[in-house]
$ cat work29.tsv   # TSV, C-alpha atoms
chain	number	residue	atom	x	y	z
A	7	MET	CA	-53.80	-66.10	-122.02
A	8	LYS	CA	-53.38	-67.90	-125.33
A	9	LEU	CA	-52.25	-65.91	-128.37
A	10	VAL	CA	-52.05	-66.93	-132.03
A	11	GLN	CA	-51.18	-65.61	-135.45
A	12	PHE	CA	-53.49	-66.61	-138.26
A	13	PHE	CA	-54.22	-65.89	-141.90
A	14	VAL	CA	-57.49	-64.60	-143.36
A	15	PRO	CA	-57.93	-64.34	-147.15
A	16	GLY	CA	-58.01	-60.71	-148.20
A	17	LYS	CA	-56.65	-59.53	-144.83
A	18	GLY	CA	-53.37	-61.41	-144.44
A	19	LYS	CA	-51.75	-62.02	-141.06
A	20	ARG	CA	-53.88	-61.43	-137.99
A	21	VAL	CA	-53.27	-61.58	-134.23
A	22	GLY	CA	-55.77	-63.41	-132.05
A	23	VAL	CA	-56.68	-64.25	-128.46
A	24	VAL	CA	-58.00	-67.77	-127.95
A	25	GLN	CA	-61.05	-67.88	-125.70
A	26	GLY	CA	-62.52	-71.36	-125.50
A	27	ASP	CA	-63.39	-72.45	-129.03
A	28	ARG	CA	-63.25	-68.87	-130.39
A	29	VAL	CA	-60.38	-66.70	-131.61
A	30	LEU	CA	-60.83	-62.95	-131.14
A	31	ASP	CA	-59.03	-60.80	-133.71
A	32	ILE	CA	-57.06	-58.07	-131.92
A	33	THR	CA	-55.03	-56.87	-134.91
A	34	SER	CA	-54.88	-53.07	-134.96
A	35	GLY	CA	-52.91	-50.83	-137.29
A	36	ASP	CA	-53.82	-47.82	-135.14
A	37	GLU	CA	-52.24	-49.50	-132.11
A	38	ASP	CA	-49.28	-50.90	-134.08
A	39	VAL	CA	-50.27	-54.50	-133.29
A	40	ARG	CA	-49.81	-56.45	-136.50
A	41	SER	CA	-48.08	-59.49	-135.00
A	42	THR	CA	-47.64	-61.22	-131.66
A	43	LEU	CA	-44.08	-59.86	-131.67
A	44	ASP	CA	-45.51	-56.31	-131.65
A	45	LEU	CA	-47.63	-57.31	-128.66
A	46	LEU	CA	-44.66	-58.75	-126.77
A	47	ILE	CA	-42.52	-55.68	-127.43
A	48	GLN	CA	-45.28	-53.38	-126.22
A	49	GLY	CA	-46.21	-55.50	-123.20
A	50	LYS	CA	-42.60	-55.98	-122.00
A	51	THR	CA	-43.65	-58.47	-119.29
A	52	ALA	CA	-45.98	-61.47	-119.30
A	53	GLN	CA	-48.52	-59.48	-117.27
A	54	GLY	CA	-48.10	-56.50	-119.58
A	55	VAL	CA	-48.77	-58.67	-122.63
A	56	THR	CA	-51.94	-60.05	-121.05
A	57	THR	CA	-53.16	-56.59	-120.06
A	58	ARG	CA	-52.48	-55.16	-123.53
A	59	ALA	CA	-54.22	-58.02	-125.34
A	60	THR	CA	-57.23	-57.89	-123.01
A	61	TRP	CA	-57.60	-54.15	-123.60
A	62	LEU	CA	-57.46	-54.60	-127.38
A	63	ALA	CA	-60.06	-57.39	-127.31
A	64	ARG	CA	-62.48	-55.21	-125.34
A	65	ARG	CA	-61.84	-52.08	-127.40
A	66	LEU	CA	-62.17	-53.73	-130.82
A	67	HIS	CA	-65.05	-56.02	-129.82
A	68	ARG	CA	-64.88	-58.12	-132.98
A	69	ARG	CA	-66.74	-61.30	-133.69
A	70	GLY	CA	-64.56	-64.34	-133.10
A	71	LEU	CA	-63.53	-67.08	-135.49
A	72	ASP	CA	-64.05	-70.78	-134.83
A	73	TRP	CA	-60.77	-72.25	-133.48
A	74	ARG	CA	-61.43	-75.51	-135.31
A	75	GLU	CA	-61.67	-73.74	-138.68
A	76	LEU	CA	-58.05	-72.64	-138.35
A	77	GLN	CA	-56.77	-76.22	-137.92
A	78	ARG	CA	-55.87	-76.86	-141.54
A	79	SER	CA	-52.97	-76.91	-143.96
A	80	PRO	CA	-51.78	-73.48	-145.10
A	81	SER	CA	-53.68	-72.15	-148.13
A	82	ARG	CA	-54.16	-68.73	-149.70
A	83	HIS	CA	-57.86	-69.51	-150.00
A	84	ALA	CA	-58.80	-70.39	-146.41
A	85	PRO	CA	-58.12	-69.17	-142.86
A	86	HIS	CA	-55.33	-71.06	-141.10
A	87	LEU	CA	-52.79	-70.73	-138.30
A	88	PHE	CA	-49.35	-69.23	-138.75
A	89	THR	CA	-46.41	-69.75	-136.43
A	90	PRO	CA	-47.45	-68.15	-133.12
A	91	ILE	CA	-44.38	-65.87	-133.14
A	92	ASP	CA	-42.10	-64.55	-135.88
A	93	ALA	CA	-39.12	-65.40	-133.71
A	94	PRO	CA	-36.05	-63.38	-134.73
A	95	GLU	CA	-33.95	-66.23	-133.29
A	96	VAL	CA	-34.70	-69.79	-132.20
A	97	TRP	CA	-32.24	-71.61	-129.94
A	98	GLY	CA	-32.09	-75.08	-128.49
A	99	VAL	CA	-30.32	-76.83	-125.66
A	100	LYS	CA	-29.06	-80.39	-125.22
A	101	HIS	CA	-29.15	-82.83	-122.32
A	102	THR	CA	-31.61	-81.01	-120.07
A	103	TYR	CA	-33.75	-83.97	-119.00
A	104	ALA	CA	-32.57	-86.33	-116.27
A	105	SER	CA	-33.70	-89.85	-115.47
A	106	GLU	CA	-35.54	-90.23	-112.18
A	107	PRO	CA	-32.45	-91.58	-110.34
A	108	GLU	CA	-30.31	-88.74	-111.72
A	109	ARG	CA	-32.94	-86.17	-110.77
A	110	ALA	CA	-33.17	-87.53	-107.21
A	111	ARG	CA	-29.37	-87.47	-106.87
A	112	ALA	CA	-29.17	-83.84	-108.08
A	113	GLN	CA	-31.87	-82.77	-105.64
A	114	ARG	CA	-30.12	-84.58	-102.78
A	115	GLU	CA	-26.77	-82.96	-103.57
A	116	SER	CA	-28.41	-79.53	-103.80
A	117	SER	CA	-30.01	-80.08	-100.42
A	118	GLU	CA	-26.72	-81.15	-98.87
A	119	ALA	CA	-25.11	-78.00	-100.27
A	120	HIS	CA	-27.98	-75.95	-98.79
A	121	LEU	CA	-29.01	-74.68	-102.24
A	122	PRO	CA	-32.70	-74.32	-103.15
A	123	PRO	CA	-33.63	-76.02	-106.47
A	124	THR	CA	-33.97	-72.66	-108.24
A	125	GLU	CA	-30.26	-71.99	-107.66
A	126	THR	CA	-29.03	-75.32	-108.95
A	127	PRO	CA	-26.95	-74.69	-112.13
A	128	GLY	CA	-27.86	-78.10	-113.54
A	129	MET	CA	-27.91	-81.77	-112.74
A	130	ASP	CA	-24.15	-82.07	-112.97
A	131	GLY	CA	-23.24	-78.46	-112.11
A	132	ARG	CA	-22.24	-77.55	-115.66
A	133	ARG	CA	-23.48	-74.87	-118.01
A	134	PRO	CA	-26.15	-75.97	-120.52
A	135	ALA	CA	-25.14	-76.89	-124.08
A	136	LEU	CA	-26.92	-74.21	-126.13
A	137	PHE	CA	-27.04	-74.11	-129.92
A	138	PHE	CA	-28.55	-71.85	-132.58
A	139	LYS	CA	-31.49	-73.45	-134.39
A	140	ALA	CA	-33.44	-71.15	-136.72
A	141	THR	CA	-34.67	-67.76	-137.82
A	142	ALA	CA	-38.33	-66.97	-138.50
A	143	HIS	CA	-38.33	-67.94	-142.19
A	144	ARG	CA	-36.94	-71.41	-141.36
A	145	VAL	CA	-39.75	-72.22	-138.89
A	146	ALA	CA	-42.92	-74.14	-139.76
A	147	GLY	CA	-46.24	-73.40	-138.11
A	148	PRO	CA	-49.12	-75.73	-137.23
A	149	CYS	CA	-50.09	-78.11	-140.07
A	150	ALA	CA	-47.17	-76.82	-142.18
A	151	ARG	CA	-44.42	-79.15	-143.36
A	152	VAL	CA	-41.29	-79.94	-141.41
A	153	ALA	CA	-38.43	-81.22	-143.51
A	154	ILE	CA	-35.90	-83.97	-143.93
A	155	ARG	CA	-32.78	-82.68	-145.62
A	156	SER	CA	-32.35	-84.01	-149.15
A	157	ASP	CA	-28.96	-85.46	-148.12
A	158	SER	CA	-30.11	-87.15	-144.90
A	159	ALA	CA	-31.19	-90.75	-144.40
A	160	LEU	CA	-31.62	-90.56	-140.61
A	161	THR	CA	-33.65	-87.62	-139.34
A	162	LEU	CA	-35.36	-87.57	-135.94
A	163	PRO	CA	-37.73	-85.14	-134.21
A	164	GLU	CA	-36.98	-83.79	-130.72
A	165	PRO	CA	-40.19	-82.53	-129.06
A	166	GLY	CA	-40.04	-80.00	-126.28
A	167	LEU	CA	-41.46	-77.08	-124.36
A	168	ALA	CA	-40.16	-73.73	-125.65
A	169	VAL	CA	-40.03	-70.38	-123.89
A	170	VAL	CA	-40.39	-67.02	-125.61
A	171	LEU	CA	-38.15	-64.34	-124.15
A	172	GLY	CA	-38.33	-60.60	-123.68
A	173	ALA	CA	-35.69	-58.02	-122.84
A	174	GLY	CA	-33.04	-59.35	-120.48
A	175	GLY	CA	-34.19	-62.92	-120.98
A	176	VAL	CA	-37.47	-62.60	-119.07
A	177	VAL	CA	-39.96	-65.37	-119.94
A	178	LEU	CA	-43.03	-63.89	-121.65
A	179	ALA	CA	-44.76	-67.03	-122.92
A	180	VAL	CA	-44.33	-70.70	-123.74
A	181	THR	CA	-45.17	-72.79	-126.79
A	182	VAL	CA	-44.57	-76.27	-128.25
A	183	CYS	CA	-41.46	-76.96	-130.34
A	184	THR	CA	-40.53	-79.78	-132.69
A	185	ASP	CA	-36.79	-79.64	-133.34
A	186	VAL	CA	-35.88	-81.82	-136.35
A	187	THR	CA	-32.28	-83.01	-136.65
A	188	ALA	CA	-30.38	-84.90	-139.35
A	189	ARG	CA	-28.68	-87.36	-137.02
A	190	ASP	CA	-26.50	-88.99	-139.67
A	191	ILE	CA	-24.99	-85.60	-140.56
A	192	GLU	CA	-24.59	-84.65	-136.89
A	193	HIS	CA	-22.76	-87.92	-136.18
A	194	ALA	CA	-20.29	-87.19	-138.99
A	195	GLY	CA	-18.51	-84.79	-136.63
A	196	ALA	CA	-18.90	-81.65	-134.53
A	197	GLY	CA	-18.16	-79.46	-137.55
A	198	TYR	CA	-21.37	-80.63	-139.20
A	199	LEU	CA	-23.74	-79.70	-136.36
A	200	SER	CA	-24.99	-76.53	-138.05
A	201	GLN	CA	-25.91	-78.39	-141.24
A	202	ALA	CA	-27.65	-81.07	-139.20
A	203	LYS	CA	-29.63	-78.53	-137.20
A	204	VAL	CA	-30.18	-75.43	-139.36
A	205	TYR	CA	-32.19	-75.61	-142.57
A	206	ARG	CA	-35.62	-74.66	-143.84
A	207	GLY	CA	-38.33	-76.67	-142.11
A	208	ALA	CA	-36.02	-78.01	-139.38
A	209	CYS	CA	-38.19	-76.53	-136.64
A	210	ALA	CA	-41.89	-76.12	-135.92
A	211	LEU	CA	-43.59	-73.93	-133.29
A	212	GLY	CA	-47.20	-73.77	-132.22
A	213	PRO	CA	-50.06	-73.83	-132.00
A	214	CYS	CA	-50.16	-70.77	-129.73
A	215	LEU	CA	-48.29	-68.71	-127.18
A	216	VAL	CA	-49.40	-69.29	-123.59
A	217	THR	CA	-48.56	-66.77	-120.87
A	218	PRO	CA	-47.16	-68.29	-117.65
A	219	ASP	CA	-50.24	-67.35	-115.59
A	220	GLU	CA	-52.14	-70.07	-117.49
A	221	LEU	CA	-49.65	-72.70	-116.30
A	222	PRO	CA	-49.31	-72.82	-112.50
A	223	ASP	CA	-46.31	-75.17	-112.67
A	224	LEU	CA	-44.02	-75.39	-115.71
A	225	TYR	CA	-42.34	-78.39	-114.08
A	226	ALA	CA	-45.39	-80.64	-113.99
A	227	LEU	CA	-46.50	-80.71	-117.62
A	228	GLN	CA	-47.16	-83.97	-119.43
A	229	MET	CA	-45.73	-84.16	-122.96
A	230	ARG	CA	-46.38	-86.72	-125.71
A	231	CYS	CA	-44.89	-87.25	-129.17
A	232	SER	CA	-46.36	-89.49	-131.85
A	233	ILE	CA	-45.32	-90.35	-135.40
A	234	LEU	CA	-47.95	-91.61	-137.84
A	235	ARG	CA	-47.15	-93.35	-141.12
A	236	GLY	CA	-49.87	-94.35	-143.53
A	237	GLY	CA	-52.46	-93.77	-140.81
A	238	ALA	CA	-50.73	-96.13	-138.35
A	239	THR	CA	-48.74	-95.10	-135.26
A	240	VAL	CA	-45.09	-96.14	-135.61
A	241	PHE	CA	-43.94	-94.34	-132.45
A	242	THR	CA	-45.48	-92.77	-129.36
A	243	ASP	CA	-43.99	-91.92	-125.99
A	244	ALA	CA	-44.52	-89.49	-123.14
A	245	ALA	CA	-42.43	-87.49	-120.66
A	246	ASN	CA	-42.95	-84.87	-117.99
A	247	THR	CA	-41.23	-81.53	-117.50
A	248	ALA	CA	-40.66	-82.57	-113.87
A	249	ARG	CA	-37.51	-84.24	-115.23
A	250	LEU	CA	-35.98	-80.95	-116.38
A	251	CYS	CA	-32.69	-80.51	-114.54
A	252	TYR	CA	-32.47	-76.77	-115.29
A	253	ARG	CA	-34.91	-74.00	-114.47
A	254	VAL	CA	-36.16	-72.21	-117.59
A	255	GLU	CA	-35.05	-68.90	-116.08
A	256	ASP	CA	-31.54	-70.31	-115.71
A	257	LEU	CA	-31.50	-71.49	-119.33
A	258	ALA	CA	-32.63	-68.03	-120.44
A	259	GLY	CA	-29.92	-66.50	-118.27
A	260	TRP	CA	-27.21	-68.61	-119.86
A	261	LEU	CA	-28.49	-67.80	-123.35
A	262	SER	CA	-28.47	-64.05	-122.75
A	263	ARG	CA	-25.11	-63.99	-120.94
A	264	ASP	CA	-22.80	-61.80	-123.07
A	265	ASN	CA	-25.29	-62.48	-125.88
A	266	PRO	CA	-28.11	-59.91	-126.02
A	267	VAL	CA	-31.10	-61.58	-127.66
A	268	PRO	CA	-34.00	-59.62	-129.19
A	269	THR	CA	-37.52	-59.77	-127.81
A	270	GLY	CA	-39.35	-62.75	-129.26
A	271	THR	CA	-36.30	-65.01	-129.22
A	272	THR	CA	-37.52	-68.55	-128.59
A	273	LEU	CA	-35.60	-71.19	-126.65
A	274	SER	CA	-36.53	-74.87	-126.84
A	275	THR	CA	-35.75	-76.32	-123.41
A	276	GLY	CA	-34.72	-79.76	-124.67
A	277	THR	CA	-36.51	-83.07	-124.99
A	278	GLY	CA	-37.36	-85.80	-122.53
A	279	ILE	CA	-38.61	-88.04	-125.35
A	280	ARG	CA	-36.02	-89.95	-127.36
A	281	VAL	CA	-37.23	-91.18	-130.74
A	282	PRO	CA	-35.34	-94.37	-131.72
A	283	VAL	CA	-33.61	-94.73	-135.07
A	284	GLU	CA	-36.15	-97.40	-135.98
A	285	ALA	CA	-38.76	-94.62	-136.14
A	286	ALA	CA	-36.64	-92.22	-138.22
A	287	LEU	CA	-38.80	-89.83	-140.21
A	288	GLN	CA	-39.91	-90.65	-143.74
A	289	ASP	CA	-41.52	-88.52	-146.41
A	290	GLY	CA	-45.27	-88.40	-145.77
A	291	ASP	CA	-45.10	-89.03	-142.00
A	292	GLN	CA	-47.07	-86.94	-139.51
A	293	VAL	CA	-45.38	-85.71	-136.30
A	294	THR	CA	-47.62	-84.65	-133.42
A	295	VAL	CA	-46.37	-83.14	-130.16
A	296	GLU	CA	-48.75	-82.23	-127.36
A	297	VAL	CA	-47.88	-80.42	-124.14
A	298	GLN	CA	-50.42	-80.26	-121.35
A	299	GLY	CA	-52.01	-76.82	-121.07
A	300	VAL	CA	-50.15	-75.49	-124.11
A	301	GLY	CA	-51.63	-77.35	-127.07
A	302	ARG	CA	-51.06	-79.81	-129.87
A	303	LEU	CA	-48.62	-79.18	-132.71
A	304	SER	CA	-49.03	-81.42	-135.75
A	305	ASN	CA	-46.88	-81.32	-138.89
A	306	PRO	CA	-46.58	-83.41	-142.07
A	307	VAL	CA	-43.06	-84.44	-143.08
A	308	HIS	CA	-41.49	-83.69	-146.47
A	309	GLN	CA	-38.06	-84.65	-147.75
A	310	GLY	CA	-36.02	-82.22	-149.81
$ encode --input "work29.tsv" --output "structure tokens"
Amino acid sequence: MKLVQFFVPGKGKRVGVVQGDRVLDITSGDEDVRSTLDLLIQGKTAQGVTTRATWLARRLHRRGLDWRELQRSPSRHAPHLFTPIDAPEVWGVKHTYASEPERARAQRESSEAHLPPTETPGMDGRRPALFFKATAHRVAGPCARVAIRSDSALTLPEPGLAVVLGAGGVVLAVTVCTDVTARDIEHAGAGYLSQAKVYRGACALGPCLVTPDELPDLYALQMRCSILRGGATVFTDAANTARLCYRVEDLAGWLSRDNPVPTGTTLSTGTGIRVPVEAALQDGDQVTVEVQGVGRLSNPVHQG
């Protein structure tokens, strides 16, 4: 199932189920469903979320909106998409994608140790490098602006698949994430990582939440990132989640170890696409990230 949050003039934020090229409004004050976060809290599991949303769609039986009409820049005067989840916390993780030779070596060593891939702690046996990224008000939605810090001259996007977690770190849904980082500030020293990573517009999520039943294999998804400048492509590259050297459940487990996270917490699982410094973001650029089966997230870039 695909879930979205969207805006309708005169009604405000709405919750929707995407069915083909239509979006069914399942917002219900009577049922206390005013956001996708409400739906996740009530559903508790991925199957529970799907069952709850399906029941609401049948009970309310509202006419759907055209999905294409929501693909526009945010405006008070027209329907448009919001972030798919008002994530209370957004986290990221570094160095989760392996090259093909590294991946093959890790699988061979796991086999020799008689460990199935799901029990492998990581390509090199170490814990993942997790970091805090954002709160809901710092996150941009589809077609909304991501930002370059006013004091940065070298900012790069890091596209990735993100998982949305429930109680105990259970995976409820996935979405697309664009993690924007001020590399020049990060390289100034470890003490500057928070300033390089955490600021308004440093993260985008969207376009929707997809429950795992829609994606038979999370480790076989094609991903592409493109940067457009003045209508011309200055960068494009692809990767596949087959190169992830951690299971998403393991990443969620590490995040929630001695660190209870609230339902709706979103974890970007890292990036297999490295944008070179020659394609560093500039004011007016357009960043597009597409993940197979999940959707396309496109954001204009603004500095300051």
$ atom_distance --input "work29.tsv" --atom1 "CA of Asp243 (chain A)" --atom2 "CA of Thr294 (chain A)"
11.0 Å
$ residues_around --input "work29.tsv" --residues "Glu284 (chain A)" --least-positions-apart "5" --cutoff "12 Å" --atoms "only C-alpha atoms" --output "PyMOL selection string"
chain A and resi 159-162+233+240-241
$ residues_around --input "work29.tsv" --residues "Cys214 (chain A)" --least-positions-apart "3" --cutoff "10 Å" --atoms "all atoms listed in the file" --output "JSON, numbers by chain"
{"A": [7, 8, 9, 10, 11, 22, 23, 24, 87, 88, 89, 90, 91, 147, 148, 179, 180, 181, 182, 211, 217, 300, 301, 302, 303]}
$ write_last_selection --input "work29.tsv" --atoms "C-alpha atoms" --output "PDB file, in the coordinates of the input"
ATOM      1  CA  MET A   7     -53.800 -66.100-122.020  1.00  0.00           C
ATOM      2  CA  LYS A   8     -53.380 -67.900-125.330  1.00  0.00           C
ATOM      3  CA  LEU A   9     -52.250 -65.910-128.370  1.00  0.00           C
ATOM      4  CA  VAL A  10     -52.050 -66.930-132.030  1.00  0.00           C
ATOM      5  CA  GLN A  11     -51.180 -65.610-135.450  1.00  0.00           C
ATOM      6  CA  GLY A  22     -55.770 -63.410-132.050  1.00  0.00           C
ATOM      7  CA  VAL A  23     -56.680 -64.250-128.460  1.00  0.00           C
ATOM      8  CA  VAL A  24     -58.000 -67.770-127.950  1.00  0.00           C
ATOM      9  CA  LEU A  87     -52.790 -70.730-138.300  1.00  0.00           C
ATOM     10  CA  PHE A  88     -49.350 -69.230-138.750  1.00  0.00           C
ATOM     11  CA  THR A  89     -46.410 -69.750-136.430  1.00  0.00           C
ATOM     12  CA  PRO A  90     -47.450 -68.150-133.120  1.00  0.00           C
ATOM     13  CA  ILE A  91     -44.380 -65.870-133.140  1.00  0.00           C
ATOM     14  CA  GLY A 147     -46.240 -73.400-138.110  1.00  0.00           C
ATOM     15  CA  PRO A 148     -49.120 -75.730-137.230  1.00  0.00           C
ATOM     16  CA  ALA A 179     -44.760 -67.030-122.920  1.00  0.00           C
ATOM     17  CA  VAL A 180     -44.330 -70.700-123.740  1.00  0.00           C
ATOM     18  CA  THR A 181     -45.170 -72.790-126.790  1.00  0.00           C
ATOM     19  CA  VAL A 182     -44.570 -76.270-128.250  1.00  0.00           C
ATOM     20  CA  LEU A 211     -43.590 -73.930-133.290  1.00  0.00           C
ATOM     21  CA  THR A 217     -48.560 -66.770-120.870  1.00  0.00           C
ATOM     22  CA  VAL A 300     -50.150 -75.490-124.110  1.00  0.00           C
ATOM     23  CA  GLY A 301     -51.630 -77.350-127.070  1.00  0.00           C
ATOM     24  CA  ARG A 302     -51.060 -79.810-129.870  1.00  0.00           C
ATOM     25  CA  LEU A 303     -48.620 -79.180-132.710  1.00  0.00           C
TER      26      LEU A 303
END
$ closest_residue --input "work29.tsv" --among "A:Glu164, A:Asp157, A:Asp291, A:Asp36" --to "Ala238 (chain A)" --atoms "all atoms listed in the file"
A:Asp291
$ closest_residue --input "work29.tsv" --among "A:Arg58, A:Arg20, A:Arg133, A:Arg69" --to "Leu46 (chain A)" --atoms "only C-alpha atoms"
A:Arg58
$ closest_residue --input "work29.tsv" --among "A:Leu167, A:Val29, A:Leu43, A:Ala52" --to "Arg74 (chain A)" --atoms "all atoms listed in the file"
A:Val29
$ closest_residue --input "work29.tsv" --among "A:Leu273, A:Ala168, A:Ile32, A:Ala194" --to "Asp44 (chain A)" --atoms "only C-alpha atoms"
A:Ile32
$ residues_around --input "work29.tsv" --residues "Leu66 (chain A)" --least-positions-apart "6" --cutoff "12 Å" --atoms "all atoms listed in the file" --output "PyMOL selection string"
chain A and resi 22+30-37+59-60
$ write_last_selection --input "work29.tsv" --atoms "C-alpha atoms" --output "JSON list (two decimals), keeping the file's coordinate frame"
[["chain", "number", "residue", "atom", "x", "y", "z"],
["A", 22, "GLY", "CA", -55.77, -63.41, -132.05],
["A", 30, "LEU", "CA", -60.83, -62.95, -131.14],
["A", 31, "ASP", "CA", -59.03, -60.80, -133.71],
["A", 32, "ILE", "CA", -57.06, -58.07, -131.92],
["A", 33, "THR", "CA", -55.03, -56.87, -134.91],
["A", 34, "SER", "CA", -54.88, -53.07, -134.96],
["A", 35, "GLY", "CA", -52.91, -50.83, -137.29],
["A", 36, "ASP", "CA", -53.82, -47.82, -135.14],
["A", 37, "GLU", "CA", -52.24, -49.50, -132.11],
["A", 59, "ALA", "CA", -54.22, -58.02, -125.34],
["A", 60, "THR", "CA", -57.23, -57.89, -123.01]]
$ residues_around --input "work29.tsv" --residues "Met229 (chain A)" --least-positions-apart "5" --cutoff "7 Å" --atoms "all atoms listed in the file" --output "list of chain:residue names"
A:Ala244, A:Ala245, A:Asn246, A:Glu296, A:Val297, A:Gln298
$ closest_residue --input "work29.tsv" --among "A:Val177, A:Ala188, A:Val281, A:Cys149" --to "Cys231 (chain A)" --atoms "only C-alpha atoms"
A:Val281
$ closest_residue --input "work29.tsv" --among "A:Leu234, A:Ala150, A:Ala104, A:Leu45" --to "Thr277 (chain A)" --atoms "only C-alpha atoms"
A:Ala104
$ residues_near_point --input "work29.tsv" --point "(-35.9, -77.4, -135.3)" --cutoff "10 Å" --atoms "all atoms listed in the file" --output "number ranges by chain"
A: 96-98, 138-140, 144-146, 152-153, 163-165, 183-187, 202-211, 274
$ atom_distance --input "work29.tsv" --atom1 "CA of Pro218 (chain A)" --atom2 "CA of Gly18 (chain A)"
28.3 Å
$ atom_distance --input "work29.tsv" --atom1 "CA of Gln48 (chain A)" --atom2 "CA of Arg64 (chain A)"
17.3 Å
$ axis_aligned_box --input "work29.tsv" --around "region 82-100 of chain A" --padding-each-side "4 Å" --output "lines of an AutoDock Vina configuration file"
center_x = -43.9
center_y = -71.9
center_z = -137.6
size_x = 37.7
size_y = 25.0
size_z = 32.8
